[in-house]
file query.pdb (PDB, C-alpha atoms, pLDDT in the B column)
ATOM      1  CA  MET A  23     -16.810 -10.171  -2.592  1.00 66.00           C
ATOM      2  CA  ILE A  24     -16.190  -7.744   0.292  1.00 70.00           C
ATOM      3  CA  SER A  25     -18.414  -7.960   3.385  1.00 73.00           C
ATOM      4  CA  LEU A  26     -20.967  -5.247   4.146  1.00 78.00           C
ATOM      5  CA  ASP A  27     -19.151  -4.469   7.404  1.00 74.00           C
ATOM      6  CA  ASP A  28     -16.064  -3.363   5.468  1.00 77.00           C
ATOM      7  CA  ALA A  29     -17.902  -1.665   2.596  1.00 85.00           C
ATOM      8  CA  LEU A  30     -18.722   1.987   2.068  1.00 86.00           C
ATOM      9  CA  ILE A  31     -21.501   3.596   0.066  1.00 91.00           C
ATOM     10  CA  ALA A  32     -21.001   5.000  -3.430  1.00 92.00           C
ATOM     11  CA  ARG A  33     -23.772   7.490  -4.169  1.00 93.00           C
ATOM     12  CA  LEU A  34     -24.942   9.253  -7.323  1.00 94.00           C
ATOM     13  CA  LYS A  35     -27.767  11.788  -7.514  1.00 92.00           C
ATOM     14  CA  LYS A  36     -30.059  11.629 -10.520  1.00 89.00           C
ATOM     15  CA  GLY A  37     -32.706  14.339 -10.488  1.00 83.00           C
ATOM     16  CA  SER A  38     -34.320  14.209  -7.057  1.00 85.00           C
ATOM     17  CA  LYS A  39     -33.240  10.640  -6.327  1.00 89.00           C
ATOM     18  CA  HIS A  40     -30.079   9.103  -4.918  1.00 93.00           C
ATOM     19  CA  PHE A  41     -28.811   5.762  -6.153  1.00 95.00           C
ATOM     20  CA  GLU A  42     -26.366   3.865  -3.974  1.00 94.00           C
ATOM     21  CA  VAL A  43     -24.259   0.708  -3.954  1.00 94.00           C
ATOM     22  CA  PHE A  44     -22.075  -0.910  -1.277  1.00 93.00           C
ATOM     23  CA  VAL A  45     -18.461  -1.089  -2.462  1.00 91.00           C
ATOM     24  CA  ASP A  46     -14.949  -2.000  -1.400  1.00 88.00           C
ATOM     25  CA  PRO A  47     -13.192   1.339  -0.595  1.00 82.00           C
ATOM     26  CA  ASP A  48      -9.844   0.669  -2.271  1.00 80.00           C
ATOM     27  CA  GLY A  49     -11.312  -1.224  -5.206  1.00 85.00           C
ATOM     28  CA  ALA A  50     -13.824   1.546  -5.881  1.00 85.00           C
ATOM     29  CA  LEU A  51     -11.050   4.159  -5.825  1.00 80.00           C
ATOM     30  CA  GLU A  52      -9.008   2.163  -8.317  1.00 81.00           C
ATOM     31  CA  TYR A  53     -12.054   1.674 -10.568  1.00 85.00           C
ATOM     32  CA  LYS A  54     -12.908   5.361 -10.352  1.00 81.00           C
ATOM     33  CA  LYS A  55      -9.410   6.172 -11.604  1.00 77.00           C
ATOM     34  CA  GLY A  56      -9.813   3.941 -14.631  1.00 81.00           C
ATOM     35  CA  LYS A  57      -7.857   0.925 -13.390  1.00 82.00           C
ATOM     36  CA  ASP A  58      -8.817  -2.531 -14.654  1.00 84.00           C
ATOM     37  CA  VAL A  59     -10.808  -3.832 -11.687  1.00 85.00           C
ATOM     38  CA  ASP A  60     -13.499  -6.528 -11.750  1.00 88.00           C
ATOM     39  CA  LEU A  61     -16.802  -5.059 -10.548  1.00 88.00           C
ATOM     40  CA  GLU A  62     -17.737  -8.383  -8.971  1.00 86.00           C
ATOM     41  CA  ASP A  63     -14.768  -7.921  -6.618  1.00 87.00           C
ATOM     42  CA  ILE A  64     -15.845  -4.388  -5.700  1.00 88.00           C
ATOM     43  CA  LEU A  65     -19.540  -4.796  -4.926  1.00 91.00           C
ATOM     44  CA  ALA A  66     -20.537  -5.971  -1.453  1.00 88.00           C
ATOM     45  CA  ALA A  67     -24.123  -6.614  -2.625  1.00 88.00           C
ATOM     46  CA  ASP A  68     -25.533  -7.197  -6.093  1.00 89.00           C
ATOM     47  CA  SER A  69     -28.151  -4.493  -5.586  1.00 92.00           C
ATOM     48  CA  VAL A  70     -28.737  -0.821  -6.220  1.00 93.00           C
ATOM     49  CA  PHE A  71     -30.445   1.133  -3.465  1.00 94.00           C
ATOM     50  CA  THR A  72     -32.256   4.420  -3.129  1.00 93.00           C
ATOM     51  CA  ASP A  73     -31.236   4.340   0.549  1.00 91.00           C
ATOM     52  CA  ALA A  74     -28.555   1.755   1.265  1.00 88.00           C
ATOM     53  CA  LYS A  75     -28.589   2.222   5.039  1.00 86.00           C
ATOM     54  CA  LYS A  76     -32.324   1.515   5.184  1.00 89.00           C
ATOM     55  CA  GLY A  77     -32.075  -1.262   2.620  1.00 88.00           C
ATOM     56  CA  ASP A  78     -34.466   0.443   0.188  1.00 91.00           C
ATOM     57  CA  HIS A  79     -33.881  -1.104  -3.231  1.00 93.00           C
ATOM     58  CA  ALA A  80     -34.215   0.815  -6.488  1.00 92.00           C
ATOM     59  CA  SER A  81     -36.872  -0.647  -8.790  1.00 91.00           C
ATOM     60  CA  GLU A  82     -36.128  -1.862 -12.307  1.00 92.00           C
ATOM     61  CA  SER A  83     -38.229   0.980 -13.717  1.00 92.00           C
ATOM     62  CA  GLN A  84     -36.239   3.546 -11.722  1.00 93.00           C
ATOM     63  CA  LEU A  85     -32.971   2.139 -13.016  1.00 93.00           C
ATOM     64  CA  ILE A  86     -34.146   2.087 -16.641  1.00 92.00           C
ATOM     65  CA  GLU A  87     -35.571   5.604 -16.352  1.00 92.00           C
ATOM     66  CA  ASN A  88     -32.367   7.064 -14.880  1.00 93.00           C
ATOM     67  CA  PHE A  89     -29.611   4.875 -16.349  1.00 93.00           C
ATOM     68  CA  GLY A  90     -31.168   3.406 -19.479  1.00 92.00           C
ATOM     69  CA  THR A  91     -30.639  -0.133 -18.171  1.00 93.00           C
ATOM     70  CA  ASP A  92     -31.564  -2.345 -15.253  1.00 92.00           C
ATOM     71  CA  ASP A  93     -28.266  -4.252 -15.402  1.00 92.00           C
ATOM     72  CA  ILE A  94     -26.861  -4.013 -11.863  1.00 92.00           C
ATOM     73  CA  TYR A  95     -23.208  -3.950 -12.952  1.00 92.00           C
ATOM     74  CA  GLU A  96     -23.711  -1.269 -15.610  1.00 93.00           C
ATOM     75  CA  VAL A  97     -25.570   0.903 -13.104  1.00 94.00           C
ATOM     76  CA  ALA A  98     -22.980   0.260 -10.386  1.00 93.00           C
ATOM     77  CA  ALA A  99     -20.171   1.202 -12.775  1.00 93.00           C
ATOM     78  CA  ASN A 100     -21.936   4.481 -13.515  1.00 93.00           C
ATOM     79  CA  ILE A 101     -22.438   5.224  -9.823  1.00 94.00           C
ATOM     80  CA  ILE A 102     -18.832   4.462  -8.893  1.00 92.00           C
ATOM     81  CA  LYS A 103     -17.331   6.415 -11.796  1.00 90.00           C
ATOM     82  CA  HIS A 104     -19.493   9.502 -11.513  1.00 92.00           C
ATOM     83  CA  GLY A 105     -20.709   9.465  -7.919  1.00 91.00           C
ATOM     84  CA  GLU A 106     -19.217  10.128  -4.490  1.00 89.00           C
ATOM     85  CA  LEU A 107     -17.810   7.678  -1.962  1.00 84.00           C
ATOM     86  CA  GLN A 108     -19.439   8.076   1.440  1.00 80.00           C
ATOM     87  CA  LEU A 109     -17.331   7.130   4.472  1.00 74.00           C
ATOM     88  CA  THR A 110     -18.750   6.671   7.940  1.00 73.00           C
ATOM     89  CA  GLN A 111     -16.772   8.208  10.789  1.00 76.00           C
ATOM     90  CA  GLU A 112     -15.561   4.782  11.890  1.00 78.00           C
ATOM     91  CA  GLN A 113     -14.581   3.813   8.335  1.00 73.00           C
ATOM     92  CA  ARG A 114     -12.709   7.083   7.877  1.00 80.00           C
ATOM     93  CA  LYS A 115     -10.844   6.557  11.147  1.00 85.00           C
ATOM     94  CA  ARG A 116      -9.958   2.948  10.299  1.00 82.00           C
ATOM     95  CA  MET A 117      -8.834   3.778   6.761  1.00 82.00           C
ATOM     96  CA  LEU A 118      -6.876   6.792   8.000  1.00 89.00           C
ATOM     97  CA  GLU A 119      -4.983   4.678  10.534  1.00 91.00           C
ATOM     98  CA  GLU A 120      -4.252   1.962   7.980  1.00 89.00           C
ATOM     99  CA  LYS A 121      -3.105   4.405   5.275  1.00 90.00           C
ATOM    100  CA  THR A 122      -0.884   6.200   7.785  1.00 94.00           C
ATOM    101  CA  ARG A 123       0.757   2.909   8.809  1.00 94.00           C
ATOM    102  CA  GLN A 124       1.305   1.990   5.161  1.00 93.00           C
ATOM    103  CA  VAL A 125       2.868   5.361   4.310  1.00 94.00           C
ATOM    104  CA  ILE A 126       5.215   5.149   7.301  1.00 95.00           C
ATOM    105  CA  SER A 127       6.159   1.559   6.430  1.00 93.00           C
ATOM    106  CA  ILE A 128       7.024   2.374   2.809  1.00 92.00           C
ATOM    107  CA  ILE A 129       9.149   5.360   3.819  1.00 93.00           C
ATOM    108  CA  ALA A 130      10.920   3.391   6.560  1.00 91.00           C
ATOM    109  CA  GLN A 131      11.729   0.571   4.120  1.00 88.00           C
ATOM    110  CA  ASN A 132      12.969   2.750   1.280  1.00 89.00           C
ATOM    111  CA  ALA A 133      14.529   5.852   2.833  1.00 89.00           C
ATOM    112  CA  ILE A 134      17.680   6.620   4.795  1.00 89.00           C
ATOM    113  CA  ASN A 135      19.321   9.483   6.642  1.00 92.00           C
ATOM    114  CA  PRO A 136      21.817  10.680   3.979  1.00 90.00           C
ATOM    115  CA  GLN A 137      24.113  12.023   6.709  1.00 91.00           C
ATOM    116  CA  THR A 138      24.553   8.700   8.511  1.00 89.00           C
ATOM    117  CA  ARG A 139      23.469   6.315   5.698  1.00 84.00           C
ATOM    118  CA  ALA A 140      21.257   4.588   8.285  1.00 87.00           C
ATOM    119  CA  PRO A 141      17.502   3.949   8.034  1.00 88.00           C
ATOM    120  CA  HIS A 142      15.048   6.037  10.024  1.00 92.00           C
ATOM    121  CA  PRO A 143      12.956   4.081  12.563  1.00 93.00           C
ATOM    122  CA  PRO A 144       9.207   4.227  11.860  1.00 95.00           C
ATOM    123  CA  SER A 145       8.675   6.083  15.153  1.00 95.00           C
ATOM    124  CA  ARG A 146      10.957   8.906  14.001  1.00 96.00           C
ATOM    125  CA  ILE A 147       9.128   9.191  10.693  1.00 96.00           C
ATOM    126  CA  GLU A 148       5.792   9.264  12.526  1.00 96.00           C
ATOM    127  CA  ARG A 149       6.991  12.058  14.853  1.00 96.00           C
ATOM    128  CA  ALA A 150       8.214  14.070  11.865  1.00 96.00           C
ATOM    129  CA  MET A 151       4.823  13.662  10.180  1.00 96.00           C
ATOM    130  CA  GLU A 152       3.094  14.882  13.330  1.00 95.00           C
ATOM    131  CA  GLU A 153       5.441  17.867  13.584  1.00 96.00           C
ATOM    132  CA  ALA A 154       4.823  18.721   9.927  1.00 95.00           C
ATOM    133  CA  LYS A 155       1.063  18.496  10.610  1.00 94.00           C
ATOM    134  CA  ILE A 156       0.546  16.108   7.711  1.00 92.00           C
ATOM    135  CA  HIS A 157      -2.995  15.032   6.981  1.00 88.00           C
ATOM    136  CA  ILE A 158      -3.279  11.643   5.277  1.00 91.00           C
ATOM    137  CA  ASP A 159      -6.263  11.344   2.951  1.00 88.00           C
ATOM    138  CA  PRO A 160      -8.054   8.003   3.441  1.00 82.00           C
ATOM    139  CA  LEU A 161      -9.470   8.247  -0.086  1.00 75.00           C
ATOM    140  CA  LYS A 162      -6.108   8.611  -1.841  1.00 80.00           C
ATOM    141  CA  THR A 163      -3.768   5.736  -2.551  1.00 79.00           C
ATOM    142  CA  VAL A 164      -0.604   5.243  -0.514  1.00 85.00           C
ATOM    143  CA  ASP A 165       1.599   5.822  -3.565  1.00 80.00           C
ATOM    144  CA  GLU A 166      -0.062   9.179  -4.196  1.00 82.00           C
ATOM    145  CA  GLN A 167       0.765  10.350  -0.685  1.00 91.00           C
ATOM    146  CA  VAL A 168       4.278   9.037  -0.042  1.00 90.00           C
ATOM    147  CA  ASN A 169       6.057  11.698  -2.100  1.00 85.00           C
ATOM    148  CA  ALA A 170       4.005  14.487  -0.525  1.00 89.00           C
ATOM    149  CA  VAL A 171       4.887  13.195   2.942  1.00 94.00           C
ATOM    150  CA  MET A 172       8.580  12.960   2.037  1.00 92.00           C
ATOM    151  CA  LYS A 173       8.556  16.570   0.862  1.00 92.00           C
ATOM    152  CA  ALA A 174       6.835  17.717   4.057  1.00 94.00           C
ATOM    153  CA  ILE A 175       9.153  15.940   6.503  1.00 96.00           C
ATOM    154  CA  ARG A 176      12.439  16.671   4.700  1.00 94.00           C
ATOM    155  CA  PRO A 177      12.864  20.071   6.447  1.00 95.00           C
ATOM    156  CA  ILE A 178      12.419  18.285   9.797  1.00 96.00           C
ATOM    157  CA  ILE A 179      14.661  15.230   9.381  1.00 96.00           C
ATOM    158  CA  PRO A 180      17.367  14.499   6.785  1.00 95.00           C
ATOM    159  CA  ILE A 181      15.830  11.846   4.588  1.00 94.00           C
ATOM    160  CA  LYS A 182      15.865  10.585   1.019  1.00 89.00           C
ATOM    161  CA  PHE A 183      14.937   7.508  -0.954  1.00 89.00           C
ATOM    162  CA  GLU A 184      17.919   5.405  -1.907  1.00 86.00           C
ATOM    163  CA  GLU A 185      19.011   1.861  -2.670  1.00 87.00           C
ATOM    164  CA  VAL A 186      22.151   0.330  -1.191  1.00 87.00           C
ATOM    165  CA  ASP A 187      24.519  -2.395  -2.327  1.00 93.00           C
ATOM    166  CA  VAL A 188      25.849  -4.888   0.202  1.00 95.00           C
ATOM    167  CA  GLU A 189      28.629  -7.397  -0.359  1.00 96.00           C
ATOM    168  CA  VAL A 190      27.989 -10.750   1.302  1.00 96.00           C
ATOM    169  CA  HIS A 191      30.307 -13.703   1.901  1.00 97.00           C
ATOM    170  CA  VAL A 192      28.449 -16.812   3.069  1.00 97.00           C
ATOM    171  CA  PRO A 193      30.522 -19.803   4.293  1.00 95.00           C
ATOM    172  CA  ALA A 194      30.162 -23.077   2.402  1.00 95.00           C
ATOM    173  CA  SER A 195      28.231 -24.797   5.194  1.00 95.00           C
ATOM    174  CA  TYR A 196      25.389 -22.265   4.862  1.00 96.00           C
ATOM    175  CA  ALA A 197      25.683 -21.106   1.248  1.00 95.00           C
ATOM    176  CA  ALA A 198      23.280 -23.476  -0.512  1.00 93.00           C
ATOM    177  CA  LYS A 199      20.429 -23.205   1.990  1.00 93.00           C
ATOM    178  CA  SER A 200      20.850 -19.426   2.420  1.00 94.00           C
ATOM    179  CA  TYR A 201      20.942 -18.542  -1.259  1.00 95.00           C
ATOM    180  CA  GLY A 202      17.188 -18.724  -1.911  1.00 93.00           C
ATOM    181  CA  GLU A 203      16.183 -16.448   0.965  1.00 94.00           C
ATOM    182  CA  ILE A 204      18.900 -13.914   0.153  1.00 95.00           C
ATOM    183  CA  ALA A 205      17.794 -13.849  -3.490  1.00 93.00           C
ATOM    184  CA  HIS A 206      14.153 -13.455  -2.445  1.00 91.00           C
ATOM    185  CA  PHE A 207      14.919 -10.577  -0.063  1.00 91.00           C
ATOM    186  CA  SER A 208      17.186  -8.590  -2.391  1.00 91.00           C
ATOM    187  CA  THR A 209      18.327  -8.217  -5.990  1.00 93.00           C
ATOM    188  CA  ILE A 210      21.566 -10.023  -6.742  1.00 95.00           C
ATOM    189  CA  ILE A 211      23.819  -7.732  -8.804  1.00 95.00           C
ATOM    190  CA  LYS A 212      26.738 -10.102  -9.122  1.00 95.00           C
ATOM    191  CA  GLU A 213      27.775 -13.377  -7.538  1.00 96.00           C
ATOM    192  CA  ASN A 214      30.471 -16.002  -7.453  1.00 95.00           C
ATOM    193  CA  TRP A 215      30.668 -19.520  -6.038  1.00 96.00           C
ATOM    194  CA  LEU A 216      34.197 -20.041  -4.721  1.00 95.00           C
ATOM    195  CA  ASN A 217      36.191 -23.256  -4.908  1.00 95.00           C
ATOM    196  CA  ASP A 218      35.661 -23.919  -1.207  1.00 95.00           C
ATOM    197  CA  GLY A 219      31.859 -23.932  -1.733  1.00 94.00           C
ATOM    198  CA  SER A 220      31.262 -20.520  -0.192  1.00 95.00           C
ATOM    199  CA  TRP A 221      29.211 -17.847  -1.950  1.00 96.00           C
ATOM    200  CA  VAL A 222      30.148 -14.208  -2.503  1.00 97.00           C
ATOM    201  CA  GLY A 223      27.637 -11.782  -3.912  1.00 95.00           C
ATOM    202  CA  VAL A 224      26.681  -8.142  -4.181  1.00 96.00           C
ATOM    203  CA  VAL A 225      22.999  -7.533  -3.500  1.00 96.00           C
ATOM    204  CA  ARG A 226      20.858  -4.414  -3.856  1.00 93.00           C
ATOM    205  CA  MET A 227      17.850  -3.396  -1.752  1.00 89.00           C
ATOM    206  CA  PRO A 228      15.928  -0.321  -0.529  1.00 86.00           C
ATOM    207  CA  ALA A 229      18.180   1.455   1.952  1.00 82.00           C
ATOM    208  CA  GLY A 230      15.696   1.182   4.777  1.00 80.00           C
ATOM    209  CA  LEU A 231      15.799  -2.626   4.648  1.00 84.00           C
ATOM    210  CA  GLN A 232      19.513  -3.067   5.248  1.00 85.00           C
ATOM    211  CA  ASN A 233      19.187  -3.741   8.979  1.00 86.00           C
ATOM    212  CA  ASP A 234      16.530  -6.362   8.268  1.00 87.00           C
ATOM    213  CA  PHE A 235      18.873  -7.882   5.691  1.00 93.00           C
ATOM    214  CA  TYR A 236      21.746  -8.104   8.151  1.00 94.00           C
ATOM    215  CA  GLY A 237      19.406  -9.794  10.608  1.00 93.00           C
ATOM    216  CA  LEU A 238      18.330 -12.289   7.951  1.00 93.00           C
ATOM    217  CA  VAL A 239      21.913 -13.160   7.001  1.00 95.00           C
ATOM    218  CA  ASN A 240      22.935 -13.551  10.644  1.00 95.00           C
ATOM    219  CA  ARG A 241      19.993 -15.881  11.251  1.00 94.00           C
ATOM    220  CA  LEU A 242      20.738 -17.991   8.181  1.00 95.00           C
ATOM    221  CA  THR A 243      24.441 -18.327   8.949  1.00 95.00           C
ATOM    222  CA  LYS A 244      24.403 -18.183  12.757  1.00 93.00           C
ATOM    223  CA  GLY A 245      26.494 -15.022  12.536  1.00 93.00           C
ATOM    224  CA  ASP A 246      29.283 -16.572  10.442  1.00 94.00           C
ATOM    225  CA  ALA A 247      28.695 -14.554   7.246  1.00 94.00           C
ATOM    226  CA  GLU A 248      30.587 -11.382   6.386  1.00 94.00           C
ATOM    227  CA  THR A 249      28.745  -8.305   5.087  1.00 95.00           C
ATOM    228  CA  LYS A 250      30.019  -4.974   3.827  1.00 92.00           C
ATOM    229  CA  LEU A 251      28.045  -1.889   2.837  1.00 90.00           C
ATOM    230  CA  LEU A 252      29.426  -0.652  -0.490  1.00 87.00           C
TER     231      LEU A 252
END
call {"tool": "encode", "arguments": {"input": "query.pdb", "output": "structure tokens"}}
result
Amino acid sequence: MISLDDALIARLKKGSKHFEVFVDPDGALEYKKGKDVDLEDILAADSVFTDAKKGDHASESQLIENFGTDDIYEVAANIIKHGELQLTQEQRKRMLEEKTRQVISIIAQNAINPQTRAPHPPSRIERAMEEAKIHIDPLKTVDEQVNAVMKAIRPIIPIKFEEVDVEVHVPASYAAKSYGEIAHFSTIIKENWLNDGSWVGVVRMPAGLQNDFYGLVNRLTKGDAETKLL
């Protein structure tokens, strides 16, 4: 269950009254969109309020009169699905900063400059977003916003999503212990164990991760592996 400090208020007006519950921001958004989310994981308090900030609880008779039930979870589901999510200024700022970081991270990991085939540093993506005057919505998911951001910054910097294939030759002395981490980091397209015990493979990954991959291979093999961008 999320803490009250990290929760926001979901509010639904019924007649002249407001009914409110404390909820997890991301979980409530997913639930509102019809995703399969456990209400127990969303609610920060097993209570329905007429004024959550003051701690004024709704009575059982008020719930039955307005929702036809006094079951907290049924009422909460109704409020989340049909009500509004209320963000405080601090919550909006915190969620905005976090969503912005997530959007930048996803683009940096998955996109490249098609002219140079090299990834864009996060700082360059952030500057392009600022120049394009992009406004991240704290109440939309990261996935919903990544494509819109890509479209907005494409006139400013050459960028596109792409995967790359890298050929790797790991010497025998490092092959066995390196294999697991290489397989975890990337998708192995084809591979071959040579007679001398060395390993040769072709791996695929988001284009923006290739520099991280080269760093990983160098660390695992102390710089003795050979890599080639295909």
call {"tool": "atom_distance", "arguments": {"input": "query.pdb", "atom1": "CA of Ala32 in chain A", "atom2": "CA of Leu107 in chain A"}}
result
4.4 Å
call {"tool": "closest_residue", "arguments": {"input": "query.pdb", "among": "A:Thr243, A:Thr122, A:Ser83, A:Asn233", "to": "Gln167 in chain A", "atoms": "all atoms listed in the file"}}
result
A:Thr122
call {"tool": "resolve_selection", "arguments": {"input": "query.pdb", "expression": "the PyMOL selection byres ((chain A and resi 210-224) around 12)", "output": "PyMOL selection string"}}
result
chain A and resi 186-209+225-227+243+246-252
call {"tool": "atom_distance", "arguments": {"input": "query.pdb", "atom1": "CA of Gly49 in chain A", "atom2": "CA of Thr91 in chain A"}}
result
23.3 Å
call {"tool": "atom_distance", "arguments": {"input": "query.pdb", "atom1": "CA of Ile128 in chain A", "atom2": "CA of Asp28 in chain A"}}
result
23.9 Å
call {"tool": "axis_aligned_box", "arguments": {"input": "query.pdb", "around": "range 99-114 of chain A", "padding_each_side": "5 Å", "output": "AutoDock Vina command-line options"}}
result
--center_x -17.6 --center_y 5.7 --center_z -0.8 --size_x 19.7 --size_y 18.9 --size_z 35.4
call {"tool": "residues_around", "arguments": {"input": "query.pdb", "residues": "Lys55 in chain A", "least_positions_apart": "2", "cutoff": "12 Å", "atoms": "all atoms listed in the file", "output": "JSON, numbers by chain"}}
result
{"A": [48, 49, 50, 51, 52, 53, 57, 58, 59, 99, 102, 103, 104, 161, 162, 163]}
call {"tool": "residues_around", "arguments": {"input": "query.pdb", "residues": "range 176-185 of chain A", "least_positions_apart": "4", "cutoff": "7 Å", "atoms": "only C-alpha atoms", "output": "number ranges by chain"}}
result
A: 132-136, 150, 172, 226-229
call {"tool": "closest_residue", "arguments": {"input": "query.pdb", "among": "A:Leu34, A:Ser127, A:Asp73, A:Pro141", "to": "Phe89 in chain A", "atoms": "only C-alpha atoms"}}
result
A:Leu34
call {"tool": "resolve_selection", "arguments": {"input": "query.pdb", "expression": "the PyMOL selection byres ((chain A and resi 143-145) around 8)", "output": "ChimeraX atom specification"}}
result
/A:126-127,130,141-142,146-149
call {"tool": "closest_residue", "arguments": {"input": "query.pdb", "among": "A:Phe41, A:Lys155, A:Leu109, A:Leu61", "to": "Ser81 in chain A", "atoms": "only C-alpha atoms"}}
result
A:Phe41
call {"tool": "residues_near_point", "arguments": {"input": "query.pdb", "point": "(-16.0, 0.4, 2.9)", "cutoff": "6 Å", "atoms": "all atoms listed in the file", "output": "PyMOL selection string"}}
result
chain A and resi 28-30+46-47
call {"tool": "closest_residue", "arguments": {"input": "query.pdb", "among": "A:Ala80, A:Ile86, A:Ala66, A:Ala140", "to": "His40 in chain A", "atoms": "only C-alpha atoms"}}
result
A:Ala80
call {"tool": "build_atoms", "arguments": {"input": "query.pdb", "residues": "range 146-163 of chain A", "atoms": "N, CA and C atoms", "output": "PDB file, keeping the file's coordinate frame"}}
result
ATOM      1  N   ARG A 146      10.399   7.590  14.323  1.00 96.00           N
ATOM      2  CA  ARG A 146      10.957   8.906  14.001  1.00 96.00           C
ATOM      3  C   ARG A 146      10.215   9.518  12.822  1.00 96.00           C
ATOM      4  N   ILE A 147       9.888   8.699  11.847  1.00 96.00           N
ATOM      5  CA  ILE A 147       9.128   9.191  10.693  1.00 96.00           C
ATOM      6  C   ILE A 147       7.748   9.663  11.141  1.00 96.00           C
ATOM      7  N   GLU A 148       7.115   8.890  12.025  1.00 96.00           N
ATOM      8  CA  GLU A 148       5.792   9.264  12.526  1.00 96.00           C
ATOM      9  C   GLU A 148       5.844  10.590  13.277  1.00 96.00           C
ATOM     10  N   ARG A 149       6.869  10.792  14.114  1.00 96.00           N
ATOM     11  CA  ARG A 149       6.991  12.058  14.853  1.00 96.00           C
ATOM     12  C   ARG A 149       7.194  13.231  13.897  1.00 96.00           C
ATOM     13  N   ALA A 150       7.983  13.014  12.846  1.00 96.00           N
ATOM     14  CA  ALA A 150       8.214  14.070  11.865  1.00 96.00           C
ATOM     15  C   ALA A 150       6.921  14.420  11.134  1.00 96.00           C
ATOM     16  N   MET A 151       6.110  13.411  10.829  1.00 96.00           N
ATOM     17  CA  MET A 151       4.823  13.662  10.180  1.00 96.00           C
ATOM     18  C   MET A 151       3.911  14.474  11.083  1.00 96.00           C
ATOM     19  N   GLU A 152       3.913  14.138  12.377  1.00 95.00           N
ATOM     20  CA  GLU A 152       3.094  14.882  13.330  1.00 95.00           C
ATOM     21  C   GLU A 152       3.564  16.330  13.448  1.00 95.00           C
ATOM     22  N   GLU A 153       4.894  16.511  13.476  1.00 96.00           N
ATOM     23  CA  GLU A 153       5.441  17.867  13.584  1.00 96.00           C
ATOM     24  C   GLU A 153       5.130  18.681  12.330  1.00 96.00           C
ATOM     25  N   ALA A 154       5.130  18.033  11.184  1.00 95.00           N
ATOM     26  CA  ALA A 154       4.823  18.721   9.927  1.00 95.00           C
ATOM     27  C   ALA A 154       3.325  18.921   9.727  1.00 95.00           C
ATOM     28  N   LYS A 155       2.531  18.381  10.669  1.00 94.00           N
ATOM     29  CA  LYS A 155       1.063  18.496  10.610  1.00 94.00           C
ATOM     30  C   LYS A 155       0.516  17.952   9.286  1.00 94.00           C
ATOM     31  N   ILE A 156       0.987  16.762   8.947  1.00 92.00           N
ATOM     32  CA  ILE A 156       0.546  16.108   7.711  1.00 92.00           C
ATOM     33  C   ILE A 156      -0.819  15.477   7.914  1.00 92.00           C
ATOM     34  N   HIS A 157      -1.662  15.624   6.937  1.00 88.00           N
ATOM     35  CA  HIS A 157      -2.995  15.032   6.981  1.00 88.00           C
ATOM     36  C   HIS A 157      -3.105  13.989   5.863  1.00 88.00           C
ATOM     37  N   ILE A 158      -3.114  12.728   6.247  1.00 91.00           N
ATOM     38  CA  ILE A 158      -3.279  11.643   5.277  1.00 91.00           C
ATOM     39  C   ILE A 158      -4.736  11.607   4.817  1.00 91.00           C
ATOM     40  N   ASP A 159      -4.917  11.427   3.522  1.00 88.00           N
ATOM     41  CA  ASP A 159      -6.263  11.344   2.951  1.00 88.00           C
ATOM     42  C   ASP A 159      -6.649   9.877   2.808  1.00 88.00           C
ATOM     43  N   PRO A 160      -7.672   9.422   3.525  1.00 82.00           N
ATOM     44  CA  PRO A 160      -8.054   8.003   3.441  1.00 82.00           C
ATOM     45  C   PRO A 160      -8.569   7.594   2.070  1.00 82.00           C
ATOM     46  N   LEU A 161      -8.927   8.556   1.226  1.00 75.00           N
ATOM     47  CA  LEU A 161      -9.470   8.247  -0.086  1.00 75.00           C
ATOM     48  C   LEU A 161      -8.446   8.432  -1.202  1.00 75.00           C
ATOM     49  N   LYS A 162      -7.180   8.595  -0.847  1.00 80.00           N
ATOM     50  CA  LYS A 162      -6.108   8.611  -1.841  1.00 80.00           C
ATOM     51  C   LYS A 162      -5.232   7.390  -1.616  1.00 80.00           C
ATOM     52  N   THR A 163      -4.618   6.911  -2.676  1.00 79.00           N
ATOM     53  CA  THR A 163      -3.768   5.736  -2.551  1.00 79.00           C
ATOM     54  C   THR A 163      -2.494   6.085  -1.784  1.00 79.00           C
TER      55      THR A 163
END
